[in-house]
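Have a look at the structure below before the remarks.
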Amino acid sequence: MIDIRKIDLDKTKRIIVISDIHANLQLFEKLLDKVNYSDDDYLFINGDLCEKGPNSLDVIRYVRSLSNSSERVFVTKGNCDVVFRYVLEGEEGIINYMNNRQYSFLNEMLAANHKSIDDFSGLEELAAYYRKHFHSEIEWLESLPIAYETDEHIMIHAGIDESWPNMEESVALYTPSFYEQGHHAGKTVIVGHWPVVNYRSAQASSHNPLIDFDRQVIALDGGNQIKRDGQLNALMIEDGDYSYTYVDELSEESFVSKGHIDTTGRIGTVTYPNYEVKIIRQEEFFSLCENSKLGLQQWVKNEYLRAKDEQVYCTDDLSTTFLSVGLDEKVWILDDECAGYTLIKKVNGTVGWIPKECI
């Protein structure tokens with residue numbers, strides 16, 4: 001049976017939930033500062049401390065220190081936190097993974113002692129190295145529970161299924177698109193793992209948390225270290241109210257020099273794994289496309305369309321949302337290289353296109 005820990009919380013204290021730090025210690029500290037975190041708060045870190053970013057070891061040690069210093073810090077296990085299992089269990093495919101990852105917990109543990117994967121004859125020898133030099137970190141990660149359950153919430157990394165609470169660990173760590181599957185646990189399930197923008201094919205594009213009390217799901221993964229405009233989200237629960245904020249790594253800040261009101265009403269996102277499209281009508285700056293897998297119509301920027309093997313693809317995750325902006329409004333520039341329109345992110349987290357003359 002998976003490790004589920006039931007806890008009673010003082011309802012007068014604030015709850016902060018963060019997931020998918022993905023080895024970015026600087027961003028995590030920035031977020032804690034933004035929410036004014038203190039020892040008086042409950043802090044839940046809902047999996048995926050590791051991988052994708054540059055500081056897996058630093059994040060592990062920092063979070064472990066937080067947990068050791070406060071009885072109100074609770075950490076669950078994520079799939080990226082147990083990537084070392086592939087080495088310890090002799091899965092040969094992990095070698096290719098390591099060779100193709102700029103940032104990985106596995107490579108960090110090598111670099112810490114000036115080693116590379118070429119210094120080892122095989123997985124057995126590599127596993128022995130990890131056990132010898134990083135036993136403490138591996139043991140702590142494996143000691144983390146799969147879920148925390150309170151009177152009102154279940155905090156678990158990826159999701160649950162109909163067999164909750166008697167389900168397999170793989171469901172908790174690897175379930176894709178949990179929000180679309182739903183559940184019958186009778187409590188709100190708070191998850192990370194699956195970037196929320198993946199749910200917004202027909203909604204205004206953003207990485208903000210998805211909070212749905214009807215379906216009793218809150219999804220937090222803001223695509224940090226995965227999506228180019230992704231963010232690290234924090235959910236706050238206080239006196240029965242739910243709010244959120246985020247931090248990201250965008251740096252190209254600008255201010256709107258000419259206000260604009262969008263009259264098209266176009267919203268949406270092209271996102272993983274639905275990149276195949278059929279062009280219905282091509283205009284000067286955008287093409288009306290049918291998303292082949294979803295059957296949705298989306299206005300895709302022409303520069304992001306590519307033909308290959310008689311099929312047209314959107315080349316990357318991309319907002320198909322058109323935005324209004326006000327004079328002197330602060331925005332972040334994501335793409336200013338396209339004709340006619342600029343891709344921006346607003347302070348409220350929405351991502352979309354505005355006419356170029358606005359900036």
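Ligands are numbered from 1 in the order shown, chains are lettered A, B, ... in the order of the structure tokens, and residues start at 1 in each chain.
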Hey, what's within 10 Å of segment 334-339 of chain A if we count only C-alpha atoms and toss same-chain stuff fewer than 3 positions away? As a PDB file with C-alpha atoms, in the first residue's frame, please?
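See part.pdb below for the written result:
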```
ATOM      1  CA  ARG A 228       9.402  28.842 -22.207  1.00  0.00           C
ATOM      2  CA  ASP A 229       6.912  31.199 -20.523  1.00  0.00           C
ATOM      3  CA  LEU A 250      11.053  36.371 -17.752  1.00  0.00           C
ATOM      4  CA  SER A 251      13.246  39.444 -17.884  1.00  0.00           C
ATOM      5  CA  GLU A 252      12.305  41.449 -20.990  1.00  0.00           C
ATOM      6  CA  GLU A 253       9.929  43.881 -19.306  1.00  0.00           C
ATOM      7  CA  GLU A 284      -1.555  38.127 -43.519  1.00  0.00           C
ATOM      8  CA  PHE A 285      -0.450  37.464 -39.940  1.00  0.00           C
ATOM      9  CA  PHE A 286      -2.399  34.435 -38.706  1.00  0.00           C
ATOM     10  CA  LYS A 301       0.733  32.805 -36.029  1.00  0.00           C
ATOM     11  CA  ASN A 302       2.042  32.112 -39.537  1.00  0.00           C
ATOM     12  CA  GLU A 303       5.693  32.044 -38.490  1.00  0.00           C
ATOM     13  CA  TYR A 304       4.966  29.044 -36.246  1.00  0.00           C
ATOM     14  CA  VAL A 331       4.057  43.332 -19.862  1.00  0.00           C
ATOM     15  CA  THR A 342       4.050  40.754 -30.499  1.00  0.00           C
ATOM     16  CA  LEU A 343       3.609  37.825 -28.105  1.00  0.00           C
ATOM     17  CA  ILE A 344       3.445  39.000 -24.488  1.00  0.00           C
ATOM     18  CA  LYS A 345       2.709  37.840 -20.970  1.00  0.00           C
ATOM     19  CA  VAL A 351      -0.230  35.018 -22.627  1.00  0.00           C
ATOM     20  CA  GLY A 352      -1.205  36.257 -26.066  1.00  0.00           C
ATOM     21  CA  TRP A 353      -0.792  38.531 -29.055  1.00  0.00           C
ATOM     22  CA  PRO A 355      -0.481  44.576 -32.363  1.00  0.00           C
ATOM     23  CA  LYS A 356       3.186  45.493 -32.683  1.00  0.00           C
ATOM     24  CA  ILE A 359       4.924  48.370 -27.603  1.00  0.00           C
TER      25      ILE A 359
END
```
Show me a table, sorted first by chain and then by increasing residue number, of the residues of segment 218-299 of chain A having an atom at most 6 Å from segment 307-320 of chain A, each with its shortest atom pair and the distance in Å to one decimal, counting only C-alpha atoms and written as a Markdown table.
```
| residue | atom | partner | partner_atom | distance |
| --- | --- | --- | --- | --- |
| A:Ile267 | CA | A:Thr320 | CA | 5.8 |
| A:Gly268 | CA | A:Thr320 | CA | 4.9 |
| A:Thr269 | CA | A:Ser319 | CA | 4.4 |
| A:Val270 | CA | A:Leu318 | CA | 5.1 |
| A:Thr271 | CA | A:Asp317 | CA | 4.5 |
| A:Tyr275 | CA | A:Cys314 | CA | 5.1 |
| A:Glu276 | CA | A:Tyr313 | CA | 4.6 |
| A:Val277 | CA | A:Tyr313 | CA | 5.6 |
| A:Trp299 | CA | A:Thr320 | CA | 5.6 |
```
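Using only C-alpha atoms, the smallest distance between any of A:Ala112, A:Ala219, A:Ile279, A:Leu296 and Gln203 of chain A comes from A:Leu296.
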Between segment 130-161 of chain A and segment 55-73 of chain A, at 10 Å or less, what are the per-residue closest atom pairs and their distances in Å? Count only C-alpha atoms, order by chain and rising residue number, and return it as a tab-separated table.
```
residue	atom	partner	partner_atom	distance
A:Phe134	CA	A:Leu57	CA	9.7
A:Glu137	CA	A:Ile60	CA	7.3
A:Ile138	CA	A:Ile60	CA	9.7
A:Trp140	CA	A:Arg64	CA	8.1
A:Leu141	CA	A:Ile60	CA	8.2
```
Output N, CA and C atoms for every residue in that selection, as a compact mmCIF listing (two decimals), in the first residue's frame.
```
# COMPACT_ATOMS: atom_id res chain seq x y z
N PHE A 134 25.74 9.54 -2.29
CA PHE A 134 24.50 10.30 -2.13
C PHE A 134 23.41 9.46 -1.45
N GLU A 137 20.76 11.68 0.49
CA GLU A 137 19.74 12.34 -0.34
C GLU A 137 18.74 11.32 -0.90
N ILE A 138 19.24 10.18 -1.38
CA ILE A 138 18.36 9.16 -1.95
C ILE A 138 17.45 8.59 -0.87
N TRP A 140 16.44 10.04 1.86
CA TRP A 140 15.43 11.03 2.25
C TRP A 140 14.31 11.11 1.21
N LEU A 141 14.68 11.14 -0.06
CA LEU A 141 13.66 11.19 -1.11
C LEU A 141 12.76 9.97 -1.06
```
If we count only C-alpha atoms and set the cut-off at 6 Å, which residues sit around Asp221 of chain A, ignoring sequence neighbours fewer than 4 positions away in its own chain? Please answer as a compact mmCIF listing (two decimals) with C-alpha atoms, in the first residue's frame.
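Output file around_15.txt is given in full below:
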```
# COMPACT_ATOMS: atom_id res chain seq x y z
CA GLY A 192 1.03 19.12 -9.98
CA HIS A 193 2.83 17.06 -12.64
CA PRO A 195 1.23 21.60 -16.87
CA VAL A 196 -2.09 23.39 -16.57
```
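A straight line drawn from atom CA of Ser205 of chain A to atom CA of Ser170 of chain A is 29.6 Å long.
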Nearest to Val256 of chain A among A:Cys289, A:Met98, A:Ile354, A:Leu327, with distances taken over only C-alpha atoms: which residue is it?
->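 Checking each of A:Cys289, A:Met98, A:Ile354, A:Leu327 against Val256 of chain A, counting only C-alpha atoms, the winner is A:Leu327.
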Do you know which residues are at most 6 Å from segment 75-77 of chain A counting only C-alpha atoms, after dropping those on the same chain fewer than 2 positions away, and could you put them as an mmCIF file with C-alpha atoms, in the first residue's frame?
```cif
data_model
loop_
_atom_site.group_PDB
_atom_site.id
_atom_site.type_symbol
_atom_site.label_atom_id
_atom_site.label_comp_id
_atom_site.auth_asym_id
_atom_site.auth_seq_id
_atom_site.Cartn_x
_atom_site.Cartn_y
_atom_site.Cartn_z
ATOM 1 C CA PHE A 44 3.127 21.674 1.287
ATOM 2 C CA ILE A 45 5.620 20.896 -1.467
ATOM 3 C CA ASN A 46 3.815 18.542 -3.797
ATOM 4 C CA GLY A 47 6.526 16.654 -5.628
ATOM 5 C CA LEU A 144 8.800 10.949 1.463
ATOM 6 C CA PRO A 145 5.124 9.950 1.493
ATOM 7 C CA ILE A 146 3.057 9.657 -1.651
ATOM 8 C CA ALA A 147 0.216 11.797 -0.309
#
```
Contact residues around Glu180 of chain A with only C-alpha atoms at 12 Å, ignoring same-chain residues under 4 positions, as JSON, numbers by chain | {"A": [159, 175, 176, 194, 196, 198, 199, 200, 210, 212, 215, 216, 217, 218, 219]}
Excluding Gly186 of chain A and residues on its chain fewer than 3 positions from it, collect all residues at most 9 Å away from it, counting only C-alpha atoms, and give them as a CSV table (one decimal) with N, CA and C atoms, in the first residue's frame.
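Writing the result to result_7.csv gives the following:
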```csv
chain,number,residue,atom,x,y,z
A,152,GLU,N,-10.1,18.2,4.2
A,152,GLU,CA,-10.7,18.8,3.0
A,152,GLU,C,-9.9,18.5,1.7
A,183,HIS,N,-12.4,12.2,-10.5
A,183,HIS,CA,-12.3,11.2,-9.4
A,183,HIS,C,-13.5,11.3,-8.5
A,189,VAL,N,-8.7,17.3,-4.6
A,189,VAL,CA,-7.4,16.7,-4.9
A,189,VAL,C,-6.5,17.8,-5.5
A,216,GLN,N,-13.7,19.1,-8.0
A,216,GLN,CA,-12.8,18.8,-6.9
A,216,GLN,C,-11.4,18.5,-7.3
```
Close residues, Leu32 of chain A itself excluded, 12 Å, only C-alpha atoms, min 2 positions apart in chain, as a PyMOL selection string = chain A and resi 16-18+21+25-30+34-39+41+43-45+63+66+232-236+245-247
As an MDAnalysis selection string, please: all residues of segment 29-251 of chain A that backbone DSSP puts in strand (DSSP E).
-> chainID A and resid 42:46 73:76 147:149 153:156 188:191 210:212 217:219 232:238 241:247
Out of A:Ser136, A:Asn208, A:Asn113, A:Thr264, which residue has the shortest atom-to-atom distance to Tyr244 of chain A when counting only C-alpha atoms?
-> A:Asn208
Would you work out the distance separating atom CA of Glu91 of chain A from atom CA of Asn24 of chain A, expressed in Å to one decimal?
-> 26.8 Å
Counting only C-alpha atoms, which of A:Asp48, A:Asp262, A:Glu139, A:Asp33 gets nearest to Thr321 of chain A?
->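 That would be A:Asp262, the residue with the smallest distance to Thr321 of chain A.
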Distance in Å - atom CA of Tyr272 of chain A versus atom CA of Asn348 of chain A |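 So the two atoms, atom CA of Tyr272 of chain A and atom CA of Asn348 of chain A, lie 22.7 Å apart.
Of the residues listed (A:Glu124, A:Asp40, A:Asp241, A:Asp81), A:Asp81 shows the shortest atom-to-atom separation from His157 of chain A; distances use only C-alpha atoms.
The residue that comes closest to Asp328 of chain A, out of A:Phe255, A:Tyr148, A:Tyr130, A:Tyr242 and on the basis of only C-alpha atoms, is A:Phe255.
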